[in-house]
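Trainee: What follows is query29.cif; its format and atoms are mmCIF, C-alpha atoms.
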```cif
data_protein
#
loop_
_atom_site.label_atom_id
_atom_site.label_comp_id
_atom_site.auth_asym_id
_atom_site.auth_seq_id
_atom_site.Cartn_x
_atom_site.Cartn_y
_atom_site.Cartn_z
CA MET A 1 12.26 -8.45 -48.97
CA PRO A 2 8.48 -7.84 -48.84
CA PRO A 3 7.41 -4.19 -49.37
CA SER A 4 5.93 -4.04 -45.85
CA ARG A 5 9.27 -5.07 -44.36
CA ILE A 6 11.13 -2.51 -46.48
CA ARG A 7 8.76 0.22 -45.31
CA SER A 8 9.12 -0.81 -41.66
CA CYS A 9 12.89 -0.65 -41.93
CA TYR A 10 12.69 2.73 -43.66
CA LEU A 11 10.41 4.16 -40.99
CA ALA A 12 12.64 2.84 -38.25
CA GLU A 13 15.68 4.39 -39.86
CA ARG A 14 14.02 7.75 -40.40
CA MET A 15 11.92 8.06 -37.27
CA VAL A 16 14.11 6.39 -34.66
CA TRP A 17 17.69 6.24 -35.78
CA GLY A 18 17.70 9.62 -37.44
CA GLY A 19 18.08 11.14 -34.01
CA ILE A 20 20.82 8.98 -32.56
CA ARG A 21 23.78 9.34 -34.88
CA GLY A 22 26.55 11.07 -33.03
CA ALA A 23 24.58 11.11 -29.80
CA LYS A 24 26.44 10.28 -26.61
CA PRO A 25 25.03 8.21 -23.75
CA HIS A 26 23.61 10.37 -20.98
CA ASP A 27 23.32 9.74 -17.29
CA ILE A 28 20.02 8.70 -15.78
CA GLY A 29 19.05 8.27 -12.15
CA LEU A 30 18.01 4.82 -10.98
CA SER A 31 16.22 4.48 -7.67
CA ALA A 32 17.43 1.36 -5.88
CA GLY A 33 15.84 0.67 -2.54
CA GLY A 34 16.30 4.22 -1.30
CA LYS A 35 19.75 4.60 -2.90
CA GLU A 36 20.52 6.38 -6.13
CA MET A 37 22.50 4.67 -8.85
CA VAL A 38 23.79 6.40 -11.94
CA GLY A 39 24.06 4.49 -15.19
CA GLU A 40 24.50 5.17 -18.87
CA THR A 41 21.69 4.55 -21.28
CA TYR A 42 22.33 3.40 -24.84
CA LEU A 43 18.69 3.65 -25.83
CA PRO A 44 17.88 5.40 -29.12
CA LYS A 45 16.70 8.98 -29.13
CA LEU A 46 13.36 9.10 -30.96
CA VAL A 47 12.45 11.69 -33.53
CA GLY A 48 8.84 12.76 -33.86
CA VAL A 49 7.46 10.68 -30.96
CA PRO A 50 6.45 12.69 -27.89
CA PRO A 51 7.64 11.34 -24.52
CA GLY A 52 5.34 10.73 -21.59
CA LEU A 53 2.19 8.74 -20.93
CA ARG A 54 -0.62 8.28 -23.41
CA GLN A 55 -3.64 6.14 -22.56
CA GLY A 56 -1.84 4.26 -19.82
CA ARG A 57 1.37 3.52 -21.66
CA ASN A 58 4.61 5.23 -22.58
CA VAL A 59 4.69 4.96 -26.36
CA TYR A 60 8.12 6.57 -26.54
CA GLU A 61 9.74 4.00 -24.26
CA GLY A 62 7.93 1.13 -25.95
CA TYR A 63 9.38 2.19 -29.29
CA GLN A 64 12.82 2.61 -27.76
CA ARG A 65 12.91 -1.02 -26.66
CA GLY A 66 10.90 -2.71 -29.40
CA TRP A 67 12.11 -0.86 -32.49
CA GLY A 68 15.56 -0.57 -31.03
CA LEU A 69 15.89 -4.33 -30.71
CA GLN A 70 14.19 -5.25 -33.99
CA TYR A 71 15.55 -2.66 -36.39
CA GLY A 72 18.42 -0.80 -34.76
CA ASP A 73 21.69 -1.66 -33.06
CA LEU A 74 20.25 -2.06 -29.57
CA ARG A 75 20.99 -5.80 -29.59
CA GLU A 76 24.67 -5.06 -30.12
CA LYS A 77 24.61 -2.44 -27.37
CA VAL A 78 23.09 -4.91 -24.92
CA LEU A 79 25.63 -7.57 -25.84
CA GLU A 80 28.39 -5.08 -25.05
CA ASP A 81 27.00 -4.43 -21.56
CA PRO A 82 29.15 -6.34 -19.02
CA LEU A 83 26.18 -6.85 -16.69
CA TYR A 84 24.20 -8.61 -19.41
CA THR A 85 27.09 -10.89 -20.36
CA GLU A 86 27.78 -11.77 -16.73
CA ALA A 87 24.14 -12.58 -16.01
CA TYR A 88 23.75 -14.64 -19.16
CA ALA A 89 26.92 -16.58 -18.41
CA VAL A 90 25.52 -17.91 -15.13
CA ALA A 91 22.05 -18.68 -16.55
CA HIS A 92 22.51 -19.75 -20.18
CA ASP A 93 22.40 -23.52 -19.62
CA ARG A 94 19.06 -23.37 -17.82
CA THR A 95 17.03 -21.09 -20.10
CA ILE A 96 15.17 -21.56 -23.38
CA MET A 97 14.13 -17.90 -23.66
CA SER A 98 14.85 -16.25 -27.00
CA PRO A 99 17.72 -13.74 -27.03
CA GLU A 100 15.39 -10.85 -27.93
CA ASN A 101 13.06 -11.57 -25.03
CA ARG A 102 15.96 -11.86 -22.60
CA MET A 103 17.39 -8.56 -23.87
CA ASN A 104 14.03 -6.87 -23.43
CA ILE A 105 13.82 -8.10 -19.83
CA PHE A 106 17.34 -6.83 -19.29
CA LEU A 107 16.48 -3.39 -20.67
CA LEU A 108 13.44 -3.14 -18.42
CA LEU A 109 15.54 -4.04 -15.38
CA ARG A 110 18.59 -2.00 -16.31
CA LEU A 111 16.99 1.21 -17.49
CA PHE A 112 13.29 1.40 -16.61
CA VAL A 113 12.10 -0.22 -13.37
CA GLY A 114 14.33 2.08 -11.35
CA LYS A 115 12.11 4.98 -12.38
CA ILE A 116 8.97 3.61 -10.69
CA PRO A 117 8.20 2.95 -7.00
CA PHE A 118 10.21 0.23 -5.29
CA GLY A 119 8.91 -3.31 -5.38
CA HIS A 120 9.94 -6.85 -6.18
CA ILE A 121 9.78 -9.21 -9.17
CA VAL A 122 7.52 -12.21 -9.55
CA GLU A 123 7.86 -14.75 -12.34
CA TYR A 124 5.00 -17.10 -13.08
CA GLY A 125 6.42 -20.03 -14.99
CA ALA A 126 10.09 -20.49 -14.12
CA TYR A 127 10.66 -23.92 -15.74
CA ARG A 128 14.36 -24.74 -15.17
CA GLY A 129 15.05 -21.39 -13.54
CA GLY A 130 17.32 -19.82 -16.14
CA ASN A 131 15.49 -16.54 -16.54
CA ALA A 132 14.90 -16.26 -12.80
CA ILE A 133 18.63 -16.67 -12.21
CA PHE A 134 19.33 -14.09 -14.91
CA MET A 135 16.96 -11.55 -13.38
CA ALA A 136 18.14 -12.19 -9.82
CA TYR A 137 21.77 -11.69 -10.85
CA VAL A 138 20.94 -8.38 -12.55
CA VAL A 139 18.80 -6.92 -9.76
CA LYS A 140 21.22 -7.97 -7.06
CA LYS A 141 23.80 -5.76 -8.75
CA LEU A 142 21.42 -2.85 -9.31
CA TYR A 143 18.77 -2.81 -6.59
CA PRO A 144 19.74 -3.88 -3.05
CA GLY A 145 16.83 -5.50 -1.25
CA MET A 146 14.89 -6.36 -4.39
CA MET A 147 13.71 -9.98 -4.47
CA VAL A 148 12.77 -12.32 -7.31
CA PHE A 149 10.01 -14.86 -6.61
CA ALA A 150 10.13 -17.68 -9.17
CA CYS A 151 6.84 -19.61 -9.16
CA ASP A 152 6.29 -22.96 -10.83
CA THR A 153 5.05 -26.47 -10.11
CA PHE A 154 8.55 -27.60 -11.12
CA GLU A 155 6.76 -30.78 -12.18
CA GLY A 156 5.33 -29.70 -15.53
CA MET A 157 2.12 -28.03 -16.64
CA PRO A 158 -1.18 -28.68 -14.92
CA GLU A 159 -4.26 -29.76 -16.86
CA SER A 160 -4.89 -27.52 -19.87
CA ASP A 161 -8.02 -26.53 -21.77
CA LYS A 162 -7.83 -28.41 -25.06
CA ASN A 163 -10.45 -26.08 -26.54
CA VAL A 164 -7.82 -23.38 -26.74
CA ASP A 165 -4.46 -24.59 -25.36
CA ALA A 166 -1.93 -26.37 -27.58
CA HIS A 167 0.14 -27.52 -24.59
CA SER A 168 -0.81 -30.51 -22.48
CA GLU A 169 -0.60 -31.58 -18.87
CA GLY A 170 2.96 -32.62 -17.99
CA ASP A 171 4.74 -30.50 -20.60
CA PHE A 172 8.03 -29.00 -19.33
CA SER A 173 8.35 -31.56 -16.55
CA ASP A 174 12.09 -32.17 -17.01
CA VAL A 175 13.06 -30.18 -13.92
CA ASP A 176 15.03 -31.22 -10.84
CA LEU A 177 14.21 -28.65 -8.18
CA ASP A 178 17.04 -29.78 -5.90
CA THR A 179 19.58 -29.24 -8.69
CA LEU A 180 18.12 -25.82 -9.41
CA GLN A 181 18.25 -24.81 -5.76
CA ALA A 182 21.87 -25.98 -5.60
CA ARG A 183 22.72 -23.68 -8.52
CA VAL A 184 20.99 -20.75 -6.81
CA ASP A 185 22.95 -21.42 -3.62
CA GLU A 186 26.22 -21.82 -5.53
CA LEU A 187 25.71 -18.39 -7.11
CA ASN A 188 24.85 -16.88 -3.72
CA LEU A 189 21.61 -15.49 -5.11
CA ASP A 190 19.96 -14.94 -1.76
CA ASN A 191 17.48 -12.62 -3.47
CA LEU A 192 15.94 -15.49 -5.48
CA ILE A 193 13.11 -17.48 -3.88
CA LEU A 194 11.87 -20.63 -5.62
CA VAL A 195 8.16 -21.16 -4.98
CA LYS A 196 6.81 -24.63 -5.73
CA GLY A 197 3.12 -25.26 -6.39
CA LEU A 198 0.14 -24.16 -8.44
CA PHE A 199 -0.05 -20.39 -8.69
CA GLU A 200 -3.51 -20.23 -7.17
CA ASN A 201 -2.19 -22.10 -4.11
CA THR A 202 1.04 -20.15 -3.59
CA ASN A 203 0.24 -16.60 -4.69
CA ASP A 204 -1.23 -15.37 -1.40
CA ASP A 205 1.92 -16.31 0.51
CA VAL A 206 4.17 -14.74 -2.14
CA MET A 207 2.23 -11.48 -2.14
CA ALA A 208 2.10 -11.38 1.66
CA ARG A 209 5.87 -11.41 1.64
CA ALA A 210 6.47 -9.18 -1.39
CA LYS A 211 3.65 -6.67 -0.81
CA ASN A 212 4.64 -4.60 -3.85
CA ILE A 213 5.55 -5.84 -7.33
CA ARG A 214 7.59 -3.77 -9.75
CA LEU A 215 7.68 -6.27 -12.59
CA ALA A 216 5.57 -9.37 -13.18
CA HIS A 217 6.93 -11.78 -15.78
CA ILE A 218 4.11 -14.09 -16.85
CA ASP A 219 5.68 -16.96 -18.77
CA CYS A 220 3.04 -19.69 -18.60
CA ASP A 221 1.68 -20.92 -21.90
CA ILE A 222 -1.88 -21.98 -20.99
CA ALA A 223 -5.02 -20.00 -20.33
CA SER A 224 -5.71 -21.05 -16.74
CA ALA A 225 -2.17 -20.26 -15.56
CA VAL A 226 -2.08 -16.86 -17.29
CA ARG A 227 -5.48 -15.98 -15.84
CA SER A 228 -4.46 -16.99 -12.31
CA SER A 229 -1.16 -15.11 -12.59
CA TYR A 230 -2.65 -11.85 -13.78
CA GLU A 231 -5.55 -11.85 -11.35
CA GLY A 232 -3.21 -12.75 -8.51
CA VAL A 233 -0.61 -10.07 -9.13
CA LYS A 234 -2.76 -7.18 -10.33
CA PRO A 235 -3.67 -5.77 -6.87
CA TYR A 236 0.00 -5.70 -5.85
CA MET A 237 1.51 -3.88 -8.82
CA VAL A 238 3.17 -0.56 -8.01
CA GLU A 239 1.99 2.48 -9.94
CA GLY A 240 3.48 2.18 -13.41
CA GLY A 241 4.62 -1.40 -12.81
CA TYR A 242 5.41 -3.64 -15.76
CA ILE A 243 3.31 -6.69 -16.62
CA VAL A 244 5.32 -8.67 -19.16
CA PHE A 245 3.82 -11.60 -21.08
CA ASP A 246 6.32 -13.92 -22.70
CA ASP A 247 4.05 -16.21 -24.72
CA VAL A 248 0.87 -14.46 -25.76
CA THR A 249 2.08 -13.59 -29.27
CA THR A 250 3.54 -17.02 -30.05
CA PRO A 251 1.57 -19.38 -32.33
CA SER A 252 1.37 -22.22 -29.79
CA CYS A 253 -0.20 -20.14 -27.00
CA ILE A 254 -3.59 -18.89 -28.21
CA GLY A 255 -5.02 -19.71 -24.77
CA ALA A 256 -2.64 -17.20 -23.23
CA THR A 257 -3.55 -14.68 -25.93
CA GLU A 258 -7.25 -15.12 -25.21
CA VAL A 259 -6.80 -14.30 -21.54
CA VAL A 260 -4.93 -11.08 -22.34
CA GLU A 261 -7.64 -10.11 -24.81
CA ASP A 262 -10.46 -10.89 -22.38
CA LEU A 263 -9.03 -9.54 -19.13
CA LEU A 264 -6.45 -6.86 -19.85
CA ILE A 265 -7.78 -5.35 -23.05
CA ARG A 266 -11.57 -5.79 -22.96
CA ARG A 267 -12.25 -5.84 -19.22
CA ASP A 268 -9.53 -3.66 -17.72
CA GLY A 269 -9.10 -1.36 -20.72
CA LEU A 270 -5.31 -1.57 -20.85
CA ASN A 271 -3.23 -0.66 -23.90
CA SER A 272 0.06 -2.39 -24.56
CA GLU A 273 3.31 -0.47 -24.36
CA GLN A 274 5.12 -3.10 -26.43
CA ILE A 275 3.99 -5.88 -28.74
CA TRP A 276 7.46 -7.23 -29.58
CA PRO A 277 9.37 -9.16 -28.39
CA HIS A 278 7.02 -9.22 -25.40
CA PHE A 279 3.49 -8.06 -24.85
CA VAL A 280 4.12 -5.39 -22.18
CA PHE A 281 1.43 -3.54 -20.22
CA ARG A 282 1.70 -0.92 -17.47
CA ALA A 283 -0.22 -1.02 -14.21
CA PHE A 284 -1.54 2.51 -13.79
CA LYS A 285 -4.53 2.23 -11.50
CA SER A 286 -6.21 5.21 -13.14
CA THR A 287 -6.46 3.26 -16.40
CA PHE A 288 -8.17 0.19 -14.96
CA GLN A 289 -11.85 0.10 -15.84
CA ARG A 290 -12.52 -2.11 -12.84
CA ASP A 291 -10.72 -2.41 -9.50
#
```
Can the structure from this file be put into structure tokens for me?
Mentor:
Amino acid sequence: MPPSRIRSCYLAERMVWGGIRGAKPHDIGLSAGGKEMVGETYLPKLVGVPPGLRQGRNVYEGYQRGWGLQYGDLREKVLEDPLYTEAYAVAHDRTIMSPENRMNIFLLLRLFVGKIPFGHIVEYGAYRGGNAIFMAYVVKKLYPGMMVFACDTFEGMPESDKNVDAHSEGDFSDVDLDTLQARVDELNLDNLILVKGLFENTNDDVMARAKNIRLAHIDCDIASAVRSSYEGVKPYMVEGGYIVFDDVTTPSCIGATEVVEDLLIRRDGLNSEQIWPHFVFRAFKSTFQRD
């Protein structure tokens, strides 16, 4: 094992897991459309990391999810959660998302979004709908009235910028929207809305209906789509809302990375709360450099 990896594991063991041995899950309040839900959290208790906000992000919570999944036993804890296994069972044949990314989405939904103002979920880049189904199943159980808007052309990628994008027009076109809608209906996921079209053509209608967004999952691999998604959803994010990028740290999506660097980091002055397995940012209006 490389020395850097050994040191990372050592720090994780000492800093994070040193405080969890023997700890029992504790109750947390989850706000769900005006109702209160009580759940148990199996997140690690951090040692030496102060809780709360710092420069527009919650470092403590970012470590809980990221380090917990990469170095601790948080994966096993998620796999033992009946809600996760149920949601994955109905979505597994329609998703290509990595297990770690799906677990991170689940943790955000299960244990974090309930602590911020009520809003809905929008996904830019739904492909065959697996992750949208997964999220809709979870939030239907946890948050009555919370909708998931799954946006995609459902015909493959639009034209890409070959100066920076590795993907090409027509990639991910193996989708049958009628079959996907039939699965959604079969599962009685009346909180999942499939939105067909280019993001720049459909976003106004989606936001007019949603009004407030609690979590935006941006899973589109090319620069133009990531740019349109972020610019379209930014004004509608609730205070503290989660902007989750699925692809910007993968080697085939430098175009997506460039947009995050240009818009979120340089222009809007945002700092990431997580860099693995997702790039996660928080939408605190006080941290934006420009409205």
Trainee: Need to verify the contact set: Asp219 (chain A), 8 Å, all atoms listed in the file, exclusion of same-chain residues closer than 5 positions in sequence. Can you return it as a list in words?
Mentor: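 Listed by chain and then number, they are Glu123, Tyr124, Gly125, Ala126, Val226, Phe245, Asp246 and Asp247 of chain A.
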Trainee: Using all atoms listed in the file, which protein or nucleic acid residues come within 9 Å of Ile213 (chain A)? Drop anything in the same chain fewer than 2 positions from it, and give the result as a PyMOL selection string.
Mentor: chain A and resi 118-122+207+210-211+215-216+233-234+236-238+241-242
Trainee: Expand the PyMOL selection byres ((chain A and resi 199) around 8) into the explicit residue set it covers here, and present it as a list of chain:residue names.
Mentor: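 On the file shown, the PyMOL selection byres ((chain A and resi 199) around 8) covers A:Tyr124, A:Cys151, A:Asp152, A:Gly197, A:Leu198, A:Glu200, A:Asn201, A:Thr202, A:Asn203, A:Ala225, A:Ser228, A:Ser229.
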Trainee: Looking at all atoms listed in the file, which of A:Lys196, A:Arg266, A:Lys45, A:Arg214 is the one that sits closest to Gly72 (chain A)?
Mentor: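 The closest residue to Gly72 (chain A) is A:Lys45.
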Trainee: Under the rule that only C-alpha atoms are counted, which of A:Asp73, A:Glu273, A:Glu80, A:Asp221 is the nearest residue to Glu159 (chain A)?
Mentor: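 Closest residue, counting only C-alpha atoms: A:Asp221.
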Trainee: Some atoms are absent from region 84-100 of chain A, so rebuild N, CA, C and O atoms and return them as an mmCIF file, keeping the file's coordinate frame.
Mentor:
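Below you can see rebuild.cif, which holds the result:
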```
data_model
loop_
_atom_site.group_PDB
_atom_site.id
_atom_site.type_symbol
_atom_site.label_atom_id
_atom_site.label_comp_id
_atom_site.auth_asym_id
_atom_site.auth_seq_id
_atom_site.Cartn_x
_atom_site.Cartn_y
_atom_site.Cartn_z
ATOM 1 N N TYR A 84 24.967 -7.624 -18.643
ATOM 2 C CA TYR A 84 24.200 -8.610 -19.410
ATOM 3 C C TYR A 84 25.019 -9.875 -19.639
ATOM 4 O O TYR A 84 24.535 -10.988 -19.443
ATOM 5 N N THR A 85 26.263 -9.717 -20.063
ATOM 6 C CA THR A 85 27.090 -10.890 -20.360
ATOM 7 C C THR A 85 27.362 -11.715 -19.114
ATOM 8 O O THR A 85 27.382 -12.950 -19.160
ATOM 9 N N GLU A 86 27.555 -11.047 -17.984
ATOM 10 C CA GLU A 86 27.780 -11.770 -16.730
ATOM 11 C C GLU A 86 26.534 -12.566 -16.333
ATOM 12 O O GLU A 86 26.625 -13.738 -15.949
ATOM 13 N N ALA A 87 25.382 -11.915 -16.408
ATOM 14 C CA ALA A 87 24.140 -12.580 -16.010
ATOM 15 C C ALA A 87 23.824 -13.746 -16.932
ATOM 16 O O ALA A 87 23.382 -14.812 -16.476
ATOM 17 N N TYR A 88 24.028 -13.563 -18.223
ATOM 18 C CA TYR A 88 23.750 -14.640 -19.160
ATOM 19 C C TYR A 88 24.703 -15.813 -18.951
ATOM 20 O O TYR A 88 24.312 -16.982 -19.066
ATOM 21 N N ALA A 89 25.927 -15.517 -18.597
ATOM 22 C CA ALA A 89 26.920 -16.580 -18.410
ATOM 23 C C ALA A 89 26.527 -17.539 -17.298
ATOM 24 O O ALA A 89 26.791 -18.745 -17.387
ATOM 25 N N VAL A 90 25.878 -17.040 -16.255
ATOM 26 C CA VAL A 90 25.520 -17.910 -15.130
ATOM 27 C C VAL A 90 24.152 -18.577 -15.327
ATOM 28 O O VAL A 90 23.777 -19.446 -14.547
ATOM 29 N N ALA A 91 23.418 -18.178 -16.372
ATOM 30 C CA ALA A 91 22.050 -18.680 -16.550
ATOM 31 C C ALA A 91 21.831 -19.418 -17.860
ATOM 32 O O ALA A 91 20.806 -20.083 -18.029
ATOM 33 N N HIS A 92 22.768 -19.348 -18.797
ATOM 34 C CA HIS A 92 22.510 -19.750 -20.180
ATOM 35 C C HIS A 92 22.136 -21.218 -20.322
ATOM 36 O O HIS A 92 21.338 -21.583 -21.204
ATOM 37 N N ASP A 93 22.661 -22.093 -19.462
ATOM 38 C CA ASP A 93 22.400 -23.520 -19.620
ATOM 39 C C ASP A 93 21.069 -23.951 -19.020
ATOM 40 O O ASP A 93 20.691 -25.126 -19.124
ATOM 41 N N ARG A 94 20.332 -23.015 -18.442
ATOM 42 C CA ARG A 94 19.060 -23.370 -17.820
ATOM 43 C C ARG A 94 17.885 -22.583 -18.417
ATOM 44 O O ARG A 94 16.787 -22.598 -17.855
ATOM 45 N N THR A 95 18.092 -21.892 -19.524
ATOM 46 C CA THR A 95 17.030 -21.090 -20.100
ATOM 47 C C THR A 95 16.798 -21.452 -21.553
ATOM 48 O O THR A 95 17.731 -21.810 -22.273
ATOM 49 N N ILE A 96 15.523 -21.377 -21.971
ATOM 50 C CA ILE A 96 15.170 -21.560 -23.380
ATOM 51 C C ILE A 96 14.571 -20.267 -23.938
ATOM 52 O O ILE A 96 14.027 -20.262 -25.039
ATOM 53 N N MET A 97 14.671 -19.186 -23.210
ATOM 54 C CA MET A 97 14.130 -17.900 -23.660
ATOM 55 C C MET A 97 14.895 -17.400 -24.873
ATOM 56 O O MET A 97 16.121 -17.543 -24.955
ATOM 57 N N SER A 98 14.197 -16.786 -25.809
ATOM 58 C CA SER A 98 14.850 -16.250 -27.000
ATOM 59 C C SER A 98 15.750 -15.080 -26.607
ATOM 60 O O SER A 98 15.484 -14.378 -25.626
ATOM 61 N N PRO A 99 16.812 -14.844 -27.354
ATOM 62 C CA PRO A 99 17.720 -13.740 -27.030
ATOM 63 C C PRO A 99 17.012 -12.388 -26.970
ATOM 64 O O PRO A 99 17.293 -11.571 -26.084
ATOM 65 N N GLU A 100 16.077 -12.140 -27.905
ATOM 66 C CA GLU A 100 15.390 -10.850 -27.930
ATOM 67 C C GLU A 100 14.545 -10.652 -26.672
ATOM 68 O O GLU A 100 14.518 -9.553 -26.095
#
```
